[in-house]
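Undergrad: The structure file model_26.pdb (PDB, C-alpha atoms) is provided below.
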```pdb
ATOM      1  CA  MET A   1     -24.304 -14.328 -16.122  1.00  0.00           C
ATOM      2  CA  PRO A   2     -25.153 -15.907 -12.758  1.00  0.00           C
ATOM      3  CA  PHE A   3     -22.546 -17.948 -10.965  1.00  0.00           C
ATOM      4  CA  PRO A   4     -22.890 -21.743 -11.080  1.00  0.00           C
ATOM      5  CA  ASP A   5     -25.103 -23.165  -8.325  1.00  0.00           C
ATOM      6  CA  ASN A   6     -22.275 -25.318  -6.954  1.00  0.00           C
ATOM      7  CA  THR A   7     -19.900 -22.381  -6.436  1.00  0.00           C
ATOM      8  CA  PRO A   8     -18.785 -22.246  -2.798  1.00  0.00           C
ATOM      9  CA  SER A   9     -19.773 -18.994  -1.149  1.00  0.00           C
ATOM     10  CA  ILE A  10     -17.089 -16.660   0.149  1.00  0.00           C
ATOM     11  CA  ASP A  11     -18.040 -17.742   3.679  1.00  0.00           C
ATOM     12  CA  GLU A  12     -17.500 -21.387   2.699  1.00  0.00           C
ATOM     13  CA  LEU A  13     -14.339 -20.608   0.750  1.00  0.00           C
ATOM     14  CA  ILE A  14     -12.583 -19.136   3.764  1.00  0.00           C
ATOM     15  CA  ASN A  15     -12.767 -22.534   5.479  1.00  0.00           C
ATOM     16  CA  LEU A  16     -11.903 -24.775   2.512  1.00  0.00           C
ATOM     17  CA  PRO A  17      -8.358 -26.152   2.425  1.00  0.00           C
ATOM     18  CA  VAL A  18      -6.241 -24.465  -0.249  1.00  0.00           C
ATOM     19  CA  GLY A  19      -5.542 -27.857  -1.846  1.00  0.00           C
ATOM     20  CA  GLU A  20      -9.268 -28.485  -2.328  1.00  0.00           C
ATOM     21  CA  ILE A  21      -9.763 -25.061  -3.856  1.00  0.00           C
ATOM     22  CA  ALA A  22      -6.853 -25.644  -6.238  1.00  0.00           C
ATOM     23  CA  LEU A  23      -8.491 -28.868  -7.490  1.00  0.00           C
ATOM     24  CA  LEU A  24     -11.803 -27.232  -8.417  1.00  0.00           C
ATOM     25  CA  PRO A  25     -12.652 -27.043 -12.149  1.00  0.00           C
ATOM     26  CA  VAL A  26     -11.238 -23.937 -13.828  1.00  0.00           C
ATOM     27  CA  ASP A  27     -14.704 -22.641 -14.800  1.00  0.00           C
ATOM     28  CA  LEU A  28     -15.698 -22.792 -11.143  1.00  0.00           C
ATOM     29  CA  LEU A  29     -12.447 -21.044 -10.149  1.00  0.00           C
ATOM     30  CA  ALA A  30     -13.194 -18.323 -12.731  1.00  0.00           C
ATOM     31  CA  ALA A  31     -16.719 -17.845 -11.340  1.00  0.00           C
ATOM     32  CA  MET A  32     -15.357 -17.675  -7.800  1.00  0.00           C
ATOM     33  CA  GLN A  33     -12.720 -15.161  -8.872  1.00  0.00           C
ATOM     34  CA  ARG A  34     -15.418 -12.906 -10.350  1.00  0.00           C
ATOM     35  CA  GLU A  35     -17.505 -13.194  -7.176  1.00  0.00           C
ATOM     36  CA  ILE A  36     -14.493 -12.364  -5.004  1.00  0.00           C
ATOM     37  CA  ASP A  37     -13.632  -9.357  -7.196  1.00  0.00           C
ATOM     38  CA  VAL A  38     -17.205  -8.043  -6.867  1.00  0.00           C
ATOM     39  CA  ALA A  39     -17.165  -8.609  -3.097  1.00  0.00           C
ATOM     40  CA  ALA A  40     -13.751  -6.916  -2.765  1.00  0.00           C
ATOM     41  CA  LYS A  41     -14.991  -3.842  -4.659  1.00  0.00           C
ATOM     42  CA  GLN A  42     -18.094  -3.739  -2.486  1.00  0.00           C
ATOM     43  CA  MET A  43     -16.053  -4.086   0.698  1.00  0.00           C
ATOM     44  CA  LYS A  44     -13.689  -1.333  -0.421  1.00  0.00           C
ATOM     45  CA  ALA A  45     -16.647   0.970  -1.117  1.00  0.00           C
ATOM     46  CA  VAL A  46     -18.417   0.200   2.161  1.00  0.00           C
ATOM     47  CA  THR A  47     -15.162   0.613   4.104  1.00  0.00           C
ATOM     48  CA  ALA A  48     -14.589   4.041   2.542  1.00  0.00           C
ATOM     49  CA  ARG A  49     -18.164   5.074   3.247  1.00  0.00           C
ATOM     50  CA  PHE A  50     -17.992   3.860   6.851  1.00  0.00           C
ATOM     51  CA  SER A  51     -14.626   5.607   7.411  1.00  0.00           C
ATOM     52  CA  THR A  52     -16.109   8.837   6.074  1.00  0.00           C
ATOM     53  CA  ALA A  53     -19.067   8.483   8.445  1.00  0.00           C
ATOM     54  CA  LEU A  54     -16.698   8.011  11.408  1.00  0.00           C
ATOM     55  CA  GLU A  55     -14.764  11.070  10.272  1.00  0.00           C
ATOM     56  CA  VAL A  56     -17.969  13.135  10.022  1.00  0.00           C
ATOM     57  CA  ARG A  57     -18.975  12.028  13.508  1.00  0.00           C
ATOM     58  CA  PHE A  58     -15.654  12.314  15.351  1.00  0.00           C
ATOM     59  CA  ALA A  59     -13.252  14.605  13.408  1.00  0.00           C
ATOM     60  CA  THR A  60     -14.292  17.840  15.118  1.00  0.00           C
ATOM     61  CA  ARG A  61     -14.045  16.371  18.596  1.00  0.00           C
ATOM     62  CA  ALA A  62     -10.702  14.742  17.761  1.00  0.00           C
ATOM     63  CA  ALA A  63      -9.397  18.083  16.473  1.00  0.00           C
ATOM     64  CA  GLU A  64     -10.520  19.790  19.707  1.00  0.00           C
ATOM     65  CA  VAL A  65      -8.811  17.146  21.861  1.00  0.00           C
ATOM     66  CA  ARG A  66      -5.687  17.306  19.704  1.00  0.00           C
ATOM     67  CA  SER A  67      -5.625  21.125  19.950  1.00  0.00           C
ATOM     68  CA  ALA A  68      -6.128  21.032  23.730  1.00  0.00           C
ATOM     69  CA  SER A  69      -3.133  18.677  23.895  1.00  0.00           C
ATOM     70  CA  GLY A  70      -1.039  21.130  21.872  1.00  0.00           C
ATOM     71  CA  LYS A  71      -0.763  18.676  18.977  1.00  0.00           C
ATOM     72  CA  ASP A  72      -1.331  19.244  15.269  1.00  0.00           C
ATOM     73  CA  THR A  73      -1.049  15.560  14.392  1.00  0.00           C
ATOM     74  CA  GLY A  74      -0.886  12.198  16.098  1.00  0.00           C
ATOM     75  CA  THR A  75      -3.201  10.006  18.120  1.00  0.00           C
ATOM     76  CA  VAL A  76      -5.779  11.238  20.598  1.00  0.00           C
ATOM     77  CA  ARG A  77      -8.242   9.289  22.720  1.00  0.00           C
ATOM     78  CA  PHE A  78     -11.576  10.371  24.128  1.00  0.00           C
ATOM     79  CA  ASP A  79     -14.635   8.663  25.549  1.00  0.00           C
ATOM     80  CA  GLU A  80     -17.981   8.382  23.845  1.00  0.00           C
ATOM     81  CA  GLY A  81     -20.472   6.554  26.061  1.00  0.00           C
ATOM     82  CA  ASP A  82     -19.005   3.181  26.970  1.00  0.00           C
ATOM     83  CA  PHE A  83     -16.393   3.391  24.213  1.00  0.00           C
ATOM     84  CA  THR A  84     -12.979   4.966  23.772  1.00  0.00           C
ATOM     85  CA  ILE A  85     -12.508   6.666  20.437  1.00  0.00           C
ATOM     86  CA  VAL A  86      -8.965   6.549  19.072  1.00  0.00           C
ATOM     87  CA  ALA A  87      -8.384   9.125  16.329  1.00  0.00           C
ATOM     88  CA  ASP A  88      -5.048   9.162  14.557  1.00  0.00           C
ATOM     89  CA  LEU A  89      -4.025  11.965  12.210  1.00  0.00           C
ATOM     90  CA  PRO A  90      -0.643  10.868  10.846  1.00  0.00           C
ATOM     91  CA  LYS A  91       2.074  13.326   9.993  1.00  0.00           C
ATOM     92  CA  ARG A  92       3.322  13.139   6.411  1.00  0.00           C
ATOM     93  CA  VAL A  93       6.515  15.041   5.685  1.00  0.00           C
ATOM     94  CA  ASP A  94       7.885  15.573   2.189  1.00  0.00           C
ATOM     95  CA  TRP A  95      11.301  17.038   1.488  1.00  0.00           C
ATOM     96  CA  ASP A  96      12.308  19.017  -1.583  1.00  0.00           C
ATOM     97  CA  GLN A  97      15.019  16.785  -3.050  1.00  0.00           C
ATOM     98  CA  ASP A  98      16.834  19.571  -4.912  1.00  0.00           C
ATOM     99  CA  ARG A  99      17.060  21.724  -1.795  1.00  0.00           C
ATOM    100  CA  LEU A 100      18.227  18.762   0.283  1.00  0.00           C
ATOM    101  CA  ALA A 101      20.935  18.018  -2.291  1.00  0.00           C
ATOM    102  CA  ALA A 102      22.085  21.642  -2.065  1.00  0.00           C
ATOM    103  CA  MET A 103      22.192  21.407   1.750  1.00  0.00           C
ATOM    104  CA  VAL A 104      24.228  18.190   1.521  1.00  0.00           C
ATOM    105  CA  GLU A 105      26.734  19.980  -0.704  1.00  0.00           C
ATOM    106  CA  ARG A 106      26.951  22.917   1.738  1.00  0.00           C
ATOM    107  CA  ILE A 107      27.549  20.535   4.644  1.00  0.00           C
ATOM    108  CA  ARG A 108      30.200  18.673   2.654  1.00  0.00           C
ATOM    109  CA  ALA A 109      31.855  21.971   1.570  1.00  0.00           C
ATOM    110  CA  ALA A 110      32.007  23.038   5.218  1.00  0.00           C
ATOM    111  CA  GLY A 111      33.982  19.870   5.965  1.00  0.00           C
ATOM    112  CA  ASP A 112      31.217  18.036   7.808  1.00  0.00           C
ATOM    113  CA  ASP A 113      29.786  14.618   7.059  1.00  0.00           C
ATOM    114  CA  PRO A 114      26.267  14.961   5.573  1.00  0.00           C
ATOM    115  CA  ALA A 115      25.434  11.422   6.796  1.00  0.00           C
ATOM    116  CA  GLU A 116      25.322  12.857  10.325  1.00  0.00           C
ATOM    117  CA  TYR A 117      22.307  14.935   9.273  1.00  0.00           C
ATOM    118  CA  VAL A 118      20.518  13.183   6.411  1.00  0.00           C
ATOM    119  CA  GLU A 119      20.002   9.694   5.074  1.00  0.00           C
ATOM    120  CA  ILE A 120      21.375   9.418   1.588  1.00  0.00           C
ATOM    121  CA  SER A 121      20.247   6.653  -0.729  1.00  0.00           C
ATOM    122  CA  PHE A 122      20.869   5.859  -4.354  1.00  0.00           C
ATOM    123  CA  LYS A 123      18.382   4.305  -6.748  1.00  0.00           C
ATOM    124  CA  VAL A 124      18.617   3.228 -10.344  1.00  0.00           C
ATOM    125  CA  PRO A 125      15.346   3.047 -12.266  1.00  0.00           C
ATOM    126  CA  GLU A 126      15.165  -0.417 -13.857  1.00  0.00           C
ATOM    127  CA  ARG A 127      14.117   1.097 -17.186  1.00  0.00           C
ATOM    128  CA  ASN A 128      17.371   3.098 -17.244  1.00  0.00           C
ATOM    129  CA  TYR A 129      19.470   0.111 -16.169  1.00  0.00           C
ATOM    130  CA  VAL A 130      18.287  -2.147 -18.994  1.00  0.00           C
ATOM    131  CA  ALA A 131      18.917   0.622 -21.533  1.00  0.00           C
ATOM    132  CA  TRP A 132      22.564   1.082 -20.499  1.00  0.00           C
ATOM    133  CA  PRO A 133      25.435  -0.367 -22.554  1.00  0.00           C
ATOM    134  CA  ASP A 134      26.709  -3.728 -21.260  1.00  0.00           C
ATOM    135  CA  ALA A 135      29.986  -2.243 -19.999  1.00  0.00           C
ATOM    136  CA  ILE A 136      28.201   0.189 -17.698  1.00  0.00           C
ATOM    137  CA  ARG A 137      25.657  -2.407 -16.550  1.00  0.00           C
ATOM    138  CA  GLN A 138      28.465  -4.825 -15.619  1.00  0.00           C
ATOM    139  CA  GLY A 139      29.981  -2.220 -13.320  1.00  0.00           C
ATOM    140  CA  PHE A 140      26.692  -1.817 -11.468  1.00  0.00           C
ATOM    141  CA  GLU A 141      25.802  -5.520 -11.416  1.00  0.00           C
ATOM    142  CA  PRO A 142      27.456  -6.304  -8.022  1.00  0.00           C
ATOM    143  CA  ALA A 143      25.280  -3.630  -6.372  1.00  0.00           C
ATOM    144  CA  ARG A 144      22.040  -4.989  -7.868  1.00  0.00           C
ATOM    145  CA  THR A 145      19.750  -7.571  -6.274  1.00  0.00           C
ATOM    146  CA  VAL A 146      16.608  -8.731  -8.045  1.00  0.00           C
ATOM    147  CA  ARG A 147      13.676  -9.950  -5.951  1.00  0.00           C
ATOM    148  CA  THR A 148      10.289 -11.045  -7.210  1.00  0.00           C
ATOM    149  CA  GLY A 149       6.948  -9.798  -6.080  1.00  0.00           C
ATOM    150  CA  THR A 150       3.886 -11.887  -5.326  1.00  0.00           C
ATOM    151  CA  LEU A 151       2.565 -14.013  -8.169  1.00  0.00           C
ATOM    152  CA  LYS A 152      -0.871 -12.903  -9.317  1.00  0.00           C
ATOM    153  CA  VAL A 153      -2.922 -15.362 -11.343  1.00  0.00           C
ATOM    154  CA  GLU A 154      -6.077 -14.259 -13.143  1.00  0.00           C
ATOM    155  CA  ILE A 155      -8.451 -16.530 -15.019  1.00  0.00           C
ATOM    156  CA  LEU A 156      -9.870 -14.954 -18.171  1.00  0.00           C
ATOM    157  CA  PRO A 157     -12.319 -16.377 -20.691  1.00  0.00           C
ATOM    158  CA  GLN A 158     -10.856 -17.289 -24.082  1.00  0.00           C
ATOM    159  CA  GLY A 159     -10.216 -14.183 -26.165  1.00  0.00           C
ATOM    160  CA  GLY A 160      -9.325 -12.116 -23.078  1.00  0.00           C
ATOM    161  CA  ALA A 161     -12.783 -10.565 -22.692  1.00  0.00           C
ATOM    162  CA  GLN A 162     -14.374 -10.422 -19.258  1.00  0.00           C
TER
END
```
Kindly return the structure encoded in the file as structure tokens.
TA:
Amino acid sequence: MPFPDNTPSIDELINLPVGEIALLPVDLLAAMQREIDVAAKQMKAVTARFSTALEVRFATRAAEVRSASGKDTGTVRFDEGDFTIVADLPKRVDWDQDRLAAMVERIRAAGDDPAEYVEISFKVPERNYVAWPDAIRQGFEPARTVRTGTLKVEILPQGGAQ
């Protein structure tokens, strides 16, 4: 189904005051939402494709520069014509939680403070919390803060079909 002829384009929408957009008829808002969703999917796909092309073009050279610098990860810079290419290969470190817990216990057993070596945090899955008996929940309540996320509003045709 084509979008209504009077639907502002995405280029026009970016400059419209939010108050004006909010006052548009709901069918027009729904059409705009569909158009934005299509454009967002397209932009995500083209961004991924473009990033892959940059990787194909510059990854080998970046790896050579990184190796010559004695680095396995991180940011390197090199020139390509009149441009400077900045290639960042971030370091991602994962720690085995069970082994860390065992190390914390060894440090504690040796009389040292594990907090000098590791950051220790506690988390309670919300699903577990709501399933607990009231008496247990009340004990944890002072340590719990509830924040909300960002409101997401979606306009769907009657019956929920898209």
Undergrad: If I take atom CA of A:Gly111 and atom CA of A:Phe140, how far is one from the other in Å, to one decimal?
TA: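 Between atom CA of A:Gly111 and atom CA of A:Phe140 the gap is 28.8 Å.
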Undergrad: Report as a VMD selection string the residues that result from applying the PyMOL selection byres ((chain A and resi 27) around 10) to the structure here.
TA: chain A and resid 3 to 4 7 24 to 26 28 to 33 155 to 157
Undergrad: Can you translate the PyMOL selection byres ((chain A and resi 124) around 12) into the concrete residues it hits in this file, as a PyMOL selection string?
TA: chain A and resi 121-123+125-132+137+140-141+143-145
Undergrad: Report, in Å to a single decimal, how far apart atom CA of A:Asp94 and atom CA of A:Thr148 are.
TA: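 That distance, rounded to one decimal, is 28.3 Å.
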Undergrad: Once 5 Å is added on each side, what are the centre and the three edge lengths, in Å to one decimal, of the axis-aligned box enclosing the listed atoms of stretch 9-19 of chain A? Present them as lines of an AutoDock Vina configuration file.
TA:
```
center_x = -12.7
center_y = -22.3
center_z = 1.8
size_x = 24.2
size_y = 21.2
size_z = 17.3
```
Undergrad: Quote the spacing between atom CA of A:Met43 and atom CA of A:Val76 in Å to one decimal place.
TA: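 Distance between the two atoms: 27.1 Å.
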Undergrad: Any idea what's packed within 12 Å of A:Arg92, counting all atoms listed in the file, ignoring anything in its chain fewer than 3 positions away? Could you give it as a PyMOL selection string?
TA: chain A and resi 72-74+89+95
Undergrad: Find, counting all atoms listed in the file, the residue in A:Tyr117, A:Asn15, A:Pro8, A:Ile85 that gets nearest to A:Arg57.
TA: A:Ile85
